[in-house]
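Here's run.txt, which has compact mmCIF, C-alpha atoms:
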# COMPACT_ATOMS: atom_id res chain seq x y z
CA MET A 1 -17.06 7.96 27.63
CA ALA A 2 -19.18 9.43 24.83
CA ARG A 3 -20.31 13.05 25.16
CA LEU A 4 -23.62 14.42 23.98
CA TYR A 5 -23.70 18.18 23.43
CA GLY A 6 -27.25 19.46 23.66
CA MET A 7 -29.98 21.55 25.24
CA ILE A 8 -32.09 20.06 27.98
CA ASP A 9 -35.27 21.71 26.61
CA SER A 10 -34.83 20.70 22.94
CA GLY A 11 -36.80 17.82 21.47
CA ASN A 12 -34.05 17.18 18.94
CA CYS A 13 -31.57 16.75 21.82
CA TYR A 14 -34.02 14.58 23.77
CA LYS A 15 -34.06 12.02 20.92
CA PRO A 16 -30.52 10.62 21.45
CA ARG A 17 -30.85 10.94 25.25
CA LEU A 18 -33.98 8.77 25.14
CA LEU A 19 -32.34 6.15 22.91
CA MET A 20 -29.13 6.06 24.98
CA ALA A 21 -31.20 5.64 28.16
CA LYS A 22 -33.08 2.74 26.57
CA LEU A 23 -29.83 1.15 25.36
CA GLY A 24 -28.12 1.69 28.73
CA LEU A 25 -25.24 3.50 27.02
CA PRO A 26 -23.25 5.68 29.42
CA PHE A 27 -22.59 9.26 28.27
CA GLU A 28 -21.80 12.72 29.57
CA HIS A 29 -24.35 15.48 28.85
CA VAL A 30 -22.73 18.83 27.97
CA GLU A 31 -25.22 21.69 27.93
CA VAL A 32 -24.73 23.93 24.87
CA SER A 33 -27.68 26.24 24.37
CA SER A 34 -28.77 28.28 21.38
CA HIS A 35 -30.58 30.60 23.82
CA THR A 36 -27.24 31.87 25.21
CA GLY A 37 -25.33 31.87 21.90
CA ALA A 38 -23.19 28.91 22.99
CA THR A 39 -24.04 26.92 19.82
CA ARG A 40 -22.54 29.78 17.77
CA SER A 41 -19.28 30.11 19.78
CA PRO A 42 -15.96 29.44 17.99
CA GLU A 43 -15.27 26.53 20.35
CA TYR A 44 -18.53 24.83 19.43
CA THR A 45 -18.56 25.58 15.70
CA ALA A 46 -15.07 24.05 15.52
CA LYS A 47 -16.91 20.81 16.39
CA ASN A 48 -20.12 21.45 14.44
CA PRO A 49 -19.81 24.10 11.70
CA ASN A 50 -23.60 24.02 11.30
CA ALA A 51 -23.89 25.48 14.83
CA MET A 52 -26.68 23.16 15.94
CA VAL A 53 -27.29 20.63 18.68
CA PRO A 54 -27.32 17.73 19.38
CA LEU A 55 -23.79 16.57 18.57
CA LEU A 56 -22.37 13.20 19.59
CA GLU A 57 -18.66 12.95 20.41
CA LEU A 58 -17.47 9.35 20.51
CA ASP A 59 -14.83 8.03 22.93
CA ASP A 60 -12.14 8.55 20.29
CA GLY A 61 -13.20 12.13 19.50
CA ARG A 62 -15.06 11.44 16.26
CA LEU A 63 -18.14 13.64 15.86
CA LEU A 64 -21.64 13.02 14.52
CA ALA A 65 -24.31 15.72 14.11
CA GLU A 66 -28.04 15.68 13.26
CA SER A 67 -30.41 14.15 15.80
CA ASN A 68 -31.86 11.53 13.46
CA ALA A 69 -28.41 10.53 12.12
CA ILE A 70 -27.29 9.95 15.72
CA LEU A 71 -30.39 7.80 16.33
CA LEU A 72 -29.72 5.67 13.23
CA TYR A 73 -26.01 5.32 14.07
CA LEU A 74 -26.67 4.21 17.66
CA ALA A 75 -29.60 1.94 16.72
CA GLU A 76 -27.68 -0.21 14.23
CA GLY A 77 -27.91 -3.86 15.27
CA THR A 78 -30.44 -3.22 18.05
CA ARG A 79 -34.22 -3.70 18.30
CA PHE A 80 -34.65 0.01 17.48
CA LEU A 81 -33.84 -0.37 13.77
CA PRO A 82 -35.71 -2.96 11.68
CA ALA A 83 -33.58 -5.68 10.05
CA ASP A 84 -36.05 -5.97 7.15
CA ALA A 85 -34.97 -3.71 4.27
CA TYR A 86 -38.42 -2.28 3.52
CA GLN A 87 -39.32 -1.64 7.16
CA ARG A 88 -35.94 0.03 7.54
CA GLY A 89 -36.85 2.16 4.52
CA LEU A 90 -40.08 3.15 6.29
CA ALA A 91 -38.07 4.18 9.37
CA TYR A 92 -35.94 6.40 7.14
CA GLN A 93 -39.05 7.78 5.45
CA TRP A 94 -40.69 8.86 8.68
CA MET A 95 -37.46 10.33 10.05
CA PHE A 96 -37.05 12.54 6.96
CA PHE A 97 -40.76 13.41 7.20
CA GLU A 98 -40.12 14.47 10.80
CA GLN A 99 -37.29 16.85 9.89
CA TYR A 100 -38.93 18.31 6.76
CA SER A 101 -42.70 18.31 7.35
CA HIS A 102 -43.14 18.13 11.15
CA GLU A 103 -40.33 19.76 13.18
CA PRO A 104 -40.24 23.03 11.18
CA TYR A 105 -43.90 23.62 12.10
CA ILE A 106 -44.67 21.78 15.36
CA ALA A 107 -41.36 22.46 17.13
CA VAL A 108 -40.95 25.93 15.65
CA ARG A 109 -44.48 27.04 16.62
CA LYS A 110 -43.79 26.05 20.23
CA ALA A 111 -40.52 28.04 20.11
CA LEU A 112 -42.26 31.09 18.62
CA LEU A 113 -44.83 31.01 21.43
CA THR A 114 -42.52 30.23 24.36
CA VAL A 115 -38.91 31.40 23.67
CA PRO A 116 -38.65 35.11 24.54
CA ARG A 117 -35.92 35.93 21.99
CA ARG A 118 -38.08 34.49 19.19
CA ALA A 119 -41.22 36.49 20.01
CA GLY A 120 -40.38 39.01 17.28
CA GLU A 121 -40.71 36.26 14.66
CA ALA A 122 -44.18 35.28 15.89
CA THR A 123 -46.13 37.23 13.26
CA PRO A 124 -49.80 36.34 12.60
CA GLU A 125 -48.77 34.96 9.17
CA ARG A 126 -46.03 32.75 10.66
CA LEU A 127 -48.32 31.48 13.41
CA ALA A 128 -51.05 30.69 10.85
CA LEU A 129 -48.62 28.91 8.50
CA THR A 130 -47.03 26.80 11.24
CA LEU A 131 -50.51 25.90 12.60
CA GLU A 132 -51.72 24.78 9.16
CA ARG A 133 -48.60 22.81 8.28
CA GLY A 134 -48.30 21.29 11.75
CA ASN A 135 -51.89 20.08 11.59
CA LYS A 136 -51.19 18.68 8.13
CA ALA A 137 -48.28 16.67 9.59
CA LEU A 138 -50.42 15.42 12.49
CA GLY A 139 -53.08 14.39 9.96
CA VAL A 140 -50.54 12.36 7.97
CA MET A 141 -49.42 10.66 11.19
CA GLU A 142 -53.05 10.00 12.23
CA ARG A 143 -53.78 8.28 8.93
CA HIS A 144 -50.74 6.01 9.27
CA LEU A 145 -51.33 5.20 12.94
CA ALA A 146 -54.97 4.30 12.33
CA GLY A 147 -53.63 1.09 10.73
CA ASN A 148 -50.18 0.62 12.28
CA ALA A 149 -48.97 0.33 15.88
CA PHE A 150 -45.71 2.16 15.14
CA PHE A 151 -44.14 4.12 12.28
CA ALA A 152 -41.96 1.40 10.76
CA GLY A 153 -44.67 -1.26 11.27
CA ALA A 154 -45.62 -3.46 14.21
CA GLU A 155 -42.53 -2.75 16.33
CA PHE A 156 -41.19 0.34 18.10
CA SER A 157 -38.17 1.90 16.31
CA VAL A 158 -36.05 5.05 16.14
CA ALA A 159 -38.71 6.54 13.84
CA ASP A 160 -41.04 6.57 16.86
CA ILE A 161 -38.39 8.29 19.00
CA ALA A 162 -37.87 10.90 16.26
CA LEU A 163 -41.58 11.69 15.98
CA TYR A 164 -42.31 11.44 19.71
CA ALA A 165 -39.80 14.17 20.62
CA TYR A 166 -41.91 17.11 19.48
CA THR A 167 -45.33 15.46 19.11
CA HIS A 168 -45.65 14.86 22.85
CA GLU A 169 -45.17 18.61 23.44
CA ALA A 170 -47.34 19.76 20.52
CA GLY A 171 -49.90 21.18 22.95
CA ALA A 172 -47.40 23.89 23.94
CA GLY A 173 -47.36 24.93 20.28
CA GLY A 174 -51.14 25.32 20.22
CA PHE A 175 -51.98 21.96 18.61
CA ASP A 176 -54.91 20.00 20.06
CA LEU A 177 -54.00 16.31 20.18
CA ALA A 178 -57.58 15.45 21.14
CA ASP A 179 -58.28 15.88 17.41
CA TYR A 180 -55.89 12.98 16.69
CA PRO A 181 -57.00 9.87 18.61
CA ALA A 182 -54.64 7.47 16.84
CA VAL A 183 -51.69 9.79 17.54
CA SER A 184 -52.77 10.05 21.19
CA ALA A 185 -52.98 6.25 21.51
CA TRP A 186 -49.52 5.92 19.91
CA LEU A 187 -48.07 8.38 22.46
CA GLU A 188 -49.27 5.97 25.16
CA ARG A 189 -47.61 3.03 23.38
CA VAL A 190 -44.34 5.01 23.26
CA HIS A 191 -44.60 5.71 27.01
CA ALA A 192 -45.12 2.00 27.61
CA ASP A 193 -42.05 0.90 25.62
CA SER A 194 -39.31 -0.45 27.89
CA GLY A 195 -36.88 2.09 29.40
CA HIS A 196 -38.81 5.27 28.61
CA VAL A 197 -37.49 8.47 30.23
CA PRO A 198 -38.97 11.99 30.10
CA ILE A 199 -37.35 14.95 28.30
CA GLU A 200 -35.82 16.33 31.52
CA TRP A 201 -33.92 13.08 32.19
CA LEU A 202 -30.12 13.30 32.38
CA PRO A 203 -27.57 10.51 32.94
CA MET B 1 -41.27 -3.02 -12.80
CA ALA B 2 -40.83 -0.36 -10.13
CA ARG B 3 -42.53 3.00 -10.66
CA LEU B 4 -41.12 6.35 -9.62
CA TYR B 5 -43.68 9.13 -9.27
CA GLY B 6 -42.00 12.50 -9.64
CA MET B 7 -41.47 15.81 -11.39
CA ILE B 8 -38.84 16.05 -14.09
CA ASP B 9 -37.73 19.51 -12.87
CA SER B 10 -37.43 18.68 -9.15
CA GLY B 11 -34.04 18.06 -7.58
CA ASN B 12 -35.64 15.82 -4.96
CA CYS B 13 -37.06 13.64 -7.75
CA TYR B 14 -33.75 13.68 -9.63
CA LYS B 15 -31.99 12.02 -6.67
CA PRO B 16 -33.56 8.52 -7.05
CA ARG B 17 -33.46 8.78 -10.87
CA LEU B 18 -29.71 9.40 -10.72
CA LEU B 19 -29.13 6.50 -8.32
CA MET B 20 -31.32 4.10 -10.31
CA ALA B 21 -29.47 5.08 -13.50
CA LYS B 22 -26.14 4.36 -11.80
CA LEU B 23 -27.41 1.03 -10.44
CA GLY B 24 -28.95 0.04 -13.79
CA LEU B 25 -32.32 -0.54 -12.12
CA PRO B 26 -35.21 -0.48 -14.59
CA PHE B 27 -38.18 1.70 -13.63
CA GLU B 28 -41.12 3.59 -15.07
CA HIS B 29 -41.22 7.36 -14.55
CA VAL B 30 -44.73 8.68 -13.80
CA GLU B 31 -44.92 12.46 -13.98
CA VAL B 32 -46.91 13.89 -11.03
CA SER B 33 -46.39 17.63 -10.71
CA SER B 34 -47.08 20.01 -7.85
CA HIS B 35 -47.35 22.79 -10.46
CA THR B 36 -50.59 21.31 -11.82
CA GLY B 37 -52.04 20.17 -8.49
CA ALA B 38 -51.49 16.49 -9.36
CA THR B 39 -49.58 15.83 -6.12
CA ARG B 40 -52.68 16.96 -4.20
CA SER B 41 -55.22 14.82 -6.13
CA PRO B 42 -57.19 12.13 -4.25
CA GLU B 43 -55.60 9.44 -6.45
CA TYR B 44 -52.10 10.53 -5.51
CA THR B 45 -52.69 11.29 -1.83
CA ALA B 46 -54.13 7.77 -1.49
CA LYS B 47 -50.55 6.68 -2.25
CA ASN B 48 -48.72 9.46 -0.39
CA PRO B 49 -50.85 11.29 2.22
CA ASN B 50 -48.07 13.89 2.56
CA ALA B 51 -48.80 14.96 -1.06
CA MET B 52 -45.16 15.16 -2.11
CA VAL B 53 -42.90 13.61 -4.72
CA PRO B 54 -40.86 11.52 -5.28
CA LEU B 55 -42.60 8.29 -4.34
CA LEU B 56 -41.26 4.82 -5.15
CA GLU B 57 -43.75 2.03 -5.88
CA LEU B 58 -42.11 -1.38 -5.77
CA ASP B 59 -43.05 -4.29 -8.07
CA ASP B 60 -45.40 -5.64 -5.41
CA GLY B 61 -47.13 -2.28 -4.82
CA ARG B 62 -45.38 -1.34 -1.59
CA LEU B 63 -44.70 2.40 -1.36
CA LEU B 64 -41.77 4.45 -0.07
CA ALA B 65 -41.73 8.27 0.15
CA GLU B 66 -39.03 10.88 0.92
CA SER B 67 -36.21 11.28 -1.58
CA ASN B 68 -33.40 10.52 0.86
CA ALA B 69 -35.21 7.49 2.31
CA ILE B 70 -35.55 6.10 -1.22
CA LEU B 71 -31.82 6.67 -1.78
CA LEU B 72 -30.89 4.84 1.44
CA TYR B 73 -33.29 1.98 0.70
CA LEU B 74 -31.97 1.44 -2.83
CA ALA B 75 -28.31 1.89 -1.85
CA GLU B 76 -28.25 -0.86 0.78
CA GLY B 77 -25.53 -3.38 -0.06
CA THR B 78 -24.09 -1.30 -2.94
CA ARG B 79 -21.04 0.97 -3.23
CA PHE B 80 -23.31 3.96 -2.63
CA LEU B 81 -23.72 3.32 1.11
CA PRO B 82 -20.62 2.86 3.30
CA ALA B 83 -20.33 -0.47 5.12
CA ASP B 84 -18.38 1.18 7.97
CA ALA B 85 -20.79 2.21 10.76
CA TYR B 86 -19.31 5.66 11.36
CA GLN B 87 -19.04 6.56 7.67
CA ARG B 88 -22.59 5.39 7.28
CA GLY B 89 -23.49 7.72 10.16
CA LEU B 90 -21.83 10.57 8.28
CA ALA B 91 -23.91 9.76 5.19
CA TYR B 92 -27.04 10.00 7.35
CA GLN B 93 -25.77 13.25 8.91
CA TRP B 94 -25.29 14.98 5.57
CA MET B 95 -28.60 13.72 4.22
CA PHE B 96 -30.50 15.19 7.18
CA PHE B 97 -28.42 18.38 6.83
CA GLU B 98 -29.55 18.50 3.20
CA GLN B 99 -33.24 18.30 4.03
CA TYR B 100 -33.16 20.64 7.04
CA SER B 101 -30.43 23.23 6.38
CA HIS B 102 -29.92 23.20 2.60
CA GLU B 103 -33.00 22.32 0.53
CA PRO B 104 -35.41 24.71 2.37
CA TYR B 105 -33.17 27.62 1.33
CA ILE B 106 -31.27 26.68 -1.85
CA ALA B 107 -34.07 24.78 -3.57
CA VAL B 108 -36.80 27.04 -2.26
CA ARG B 109 -35.02 30.25 -3.37
CA LYS B 110 -34.77 28.87 -6.91
CA ALA B 111 -38.49 28.03 -6.83
CA LEU B 112 -39.40 31.50 -5.52
CA LEU B 113 -37.43 33.08 -8.39
CA THR B 114 -38.48 30.76 -11.21
CA VAL B 115 -41.90 29.14 -10.51
CA PRO B 116 -44.66 31.59 -11.55
CA ARG B 117 -47.26 30.39 -9.01
CA ARG B 118 -44.75 31.00 -6.17
CA ALA B 119 -43.85 34.59 -7.18
CA GLY B 120 -46.28 35.95 -4.57
CA GLU B 121 -44.18 34.34 -1.81
CA ALA B 122 -40.98 36.00 -3.04
CA THR B 123 -40.99 38.88 -0.57
CA PRO B 124 -37.74 40.81 0.07
CA GLU B 125 -37.59 39.30 3.57
CA ARG B 126 -38.01 35.74 2.26
CA LEU B 127 -35.40 36.27 -0.46
CA ALA B 128 -32.96 37.73 2.07
CA LEU B 129 -33.51 34.88 4.56
CA THR B 130 -33.13 32.12 1.96
CA LEU B 131 -29.98 33.80 0.59
CA GLU B 132 -28.40 34.05 4.04
CA ARG B 133 -29.30 30.49 5.10
CA GLY B 134 -28.38 29.02 1.70
CA ASN B 135 -24.96 30.66 1.86
CA LYS B 136 -24.56 29.34 5.41
CA ALA B 137 -25.22 25.81 4.11
CA LEU B 138 -22.76 26.23 1.24
CA GLY B 139 -20.17 27.48 3.76
CA VAL B 140 -20.65 24.36 5.91
CA MET B 141 -20.21 22.18 2.80
CA GLU B 142 -17.12 24.18 1.72
CA ARG B 143 -15.46 23.62 5.08
CA HIS B 144 -16.06 19.86 4.94
CA LEU B 145 -15.01 19.51 1.31
CA ALA B 146 -11.76 21.41 1.88
CA GLY B 147 -10.55 18.27 3.67
CA ASN B 148 -12.65 15.45 2.21
CA ALA B 149 -13.26 14.21 -1.33
CA PHE B 150 -16.90 13.30 -0.64
CA PHE B 151 -19.45 13.77 2.15
CA ALA B 152 -19.16 10.39 3.86
CA GLY B 153 -15.36 10.33 3.43
CA ALA B 154 -13.09 9.24 0.60
CA GLU B 155 -15.76 7.52 -1.50
CA PHE B 156 -18.84 8.71 -3.40
CA SER B 157 -22.12 7.83 -1.63
CA VAL B 158 -25.82 8.64 -1.57
CA ALA B 159 -24.98 11.66 0.59
CA ASP B 160 -23.28 13.15 -2.48
CA ILE B 161 -26.33 12.44 -4.64
CA ALA B 162 -28.58 14.10 -2.03
CA LEU B 163 -26.45 17.25 -1.87
CA TYR B 164 -25.69 17.38 -5.59
CA ALA B 165 -29.36 17.54 -6.61
CA TYR B 166 -29.91 21.19 -5.65
CA THR B 167 -26.32 22.41 -5.28
CA HIS B 168 -25.59 22.00 -8.98
CA GLU B 169 -28.51 24.32 -9.74
CA ALA B 170 -27.82 26.81 -6.95
CA GLY B 171 -26.92 29.49 -9.50
CA ALA B 172 -30.58 29.62 -10.58
CA GLY B 173 -31.41 30.55 -6.99
CA GLY B 174 -28.95 33.44 -7.02
CA PHE B 175 -26.05 31.70 -5.25
CA ASP B 176 -22.55 32.24 -6.65
CA LEU B 177 -20.64 28.95 -6.56
CA ALA B 178 -17.44 30.78 -7.54
CA ASP B 179 -17.31 31.77 -3.86
CA TYR B 180 -17.05 28.07 -2.95
CA PRO B 181 -14.05 26.50 -4.73
CA ALA B 182 -14.11 23.23 -2.77
CA VAL B 183 -17.83 22.81 -3.54
CA SER B 184 -17.15 23.56 -7.22
CA ALA B 185 -14.35 20.96 -7.34
CA TRP B 186 -16.66 18.41 -5.66
CA LEU B 187 -19.36 19.03 -8.31
CA GLU B 188 -16.76 17.99 -10.91
CA ARG B 189 -15.95 14.84 -8.94
CA VAL B 190 -19.68 14.00 -8.85
CA HIS B 191 -19.91 14.48 -12.64
CA ALA B 192 -16.93 12.15 -13.06
CA ASP B 193 -18.42 9.33 -10.95
CA SER B 194 -19.42 6.34 -13.09
CA GLY B 195 -22.89 6.40 -14.67
CA HIS B 196 -23.73 10.07 -14.09
CA VAL B 197 -26.88 11.36 -15.85
CA PRO B 198 -28.24 14.93 -15.93
CA ILE B 199 -31.51 16.02 -14.25
CA GLU B 200 -33.50 15.78 -17.52
CA TRP B 201 -32.61 12.09 -17.98
CA LEU B 202 -35.47 9.60 -18.08
CA PRO B 203 -35.36 5.82 -18.45

Represent the structure of the file as structure tokens.
Amino acid sequence: MARLYGMIDSGNCYKPRLLMAKLGLPFEHVEVSSHTGATRSPEYTAKNPNAMVPLLELDDGRLLAESNAILLYLAEGTRFLPADAYQRGLAYQWMFFEQYSHEPYIAVRKALLTVPRRAGEATPERLALTLERGNKALGVMERHLAGNAFFAGAEFSVADIALYAYTHEAGAGGFDLADYPAVSAWLERVHADSGHVPIEWLP
Amino acid sequence: MARLYGMIDSGNCYKPRLLMAKLGLPFEHVEVSSHTGATRSPEYTAKNPNAMVPLLELDDGRLLAESNAILLYLAEGTRFLPADAYQRGLAYQWMFFEQYSHEPYIAVRKALLTVPRRAGEATPERLALTLERGNKALGVMERHLAGNAFFAGAEFSVADIALYAYTHEAGAGGFDLADYPAVSAWLERVHADSGHVPIEWLP
């Protein structure tokens, strides 16, 4: 059976859990937390030298890191990845947007405000920067979702899973989703997609 | 003819130029620079609300942003994207690694040291953090390349283009590639791959 190394409270780790739940793929969850230093242990960095979670270990022991790479790998040939080349390109686009322009502000601001060992990093400058950039990312999403049901077009895809993971918890980072009605309506469409499970779900 | 909006001195913009040169795809380069504010103009943000380059405009006007998404879109069905599902997953993995764990430190440190309008951001703390994280990324690459010719396995792929773009200029950011012999040998293999062009190349 496949193993998924990850943290139960990480949006990045929730992404593959949510997709595997939707696909009905059996897997074992192995908790490896950055809070306790477990992601930096020699045993774990032998598997992922970048010392991050999630990490997928296939039945045969092959390893795949990076939450959005795991999503794309697992989604191949399913309804979660568009067959059309351009729509597929849009899925890629929004997944790179998520990792470069969204997660480093929206996820990180939540961590700065809620993870005790990161409180020292929560300077006024850092909180102001992450607030500004996170709101910029939400604004870009709002503009797209005003004219599109989902990120890669009319159908739900892995791009929606990638962006849902931290957007649905943005309030804990001090972002007010009431300012983004199209984003809020999209969150409801994600909830309504078949097989949805919440972040605390485990197999 | 396709248009590629980008900056001649940006590694992210070099990525699709290099792939399009290798593929022999004709395109028009349109210079849009963040140095002059052009990426933040109303004309440009109408095309890319995230106000970043590169941006690919297809013959029919459809738009695609994010350097690595453009690479994956253009590489479909060519030798630059593995057909094998797992190797393809590895290409994705290294491309997300590049945008999350590499570019924000290696590219950004070069910008802090060389772009006049960013000098104010070049605090000792920021320079120390980007040096530490950039060296961490180079160490992760070194470990992989000690046992693999290229990032997705035995063959050159878009993952190599993505990681080459800023690694080959890491010296300008204060990183010493002599400390990374496997990375240095890989740079030579990238140079030797058919159709290579330098960052200043334009169609």

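Using only C-alpha atoms, one finds that the residues of chain A close to chain B, at 6 Å or less, are Pro49, Ala65, Glu66, Ala69, Tyr73, Gly89, Tyr92, Gln93 and Val140 of chain A.
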
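Atom CA of Ala170 of chain A is found 22.0 Å from atom CA of Gly147 of chain A.
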
Considering all atoms listed in the file, return as a VMD selection string whatever protein or nucleic-acid residues lie within 9 Å of Arg79 of chain B, sequence-local ones (same chain, fewer than 2 positions apart) excluded. chain B and resid 75 to 77 81 to 83 155 to 157

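For the set A:Asp60, A:Pro42, A:Leu138, A:Val30, the residue with the smallest atom-to-atom gap to Arg17 of chain A is A:Val30, counting only C-alpha atoms.
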
Excluding Tyr105 of chain B and its own-chain neighbours fewer than 5 positions away, which residues fall within 8 Å of it when counting only C-alpha atoms? Please give them as an MDAnalysis selection string. chainID B and resid 129:131 133:134

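The neighbours of Trp186 of chain A here are the residues that come within 9 Å of it, using all atoms listed in the file and leaving out any residue fewer than 4 positions away in the same chain; they are Leu145, Ala149, Phe150, Pro181, Ala182, Val190 and His191 of chain A.
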
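Taking atom CA of Phe151 of chain B and atom CA of Leu163 of chain B as endpoints, the distance between them is 8.8 Å.
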
Å distance separating atom CA of Thr39 of chain B from atom CA of Leu56 of chain B, one decimal place: 13.8 Å
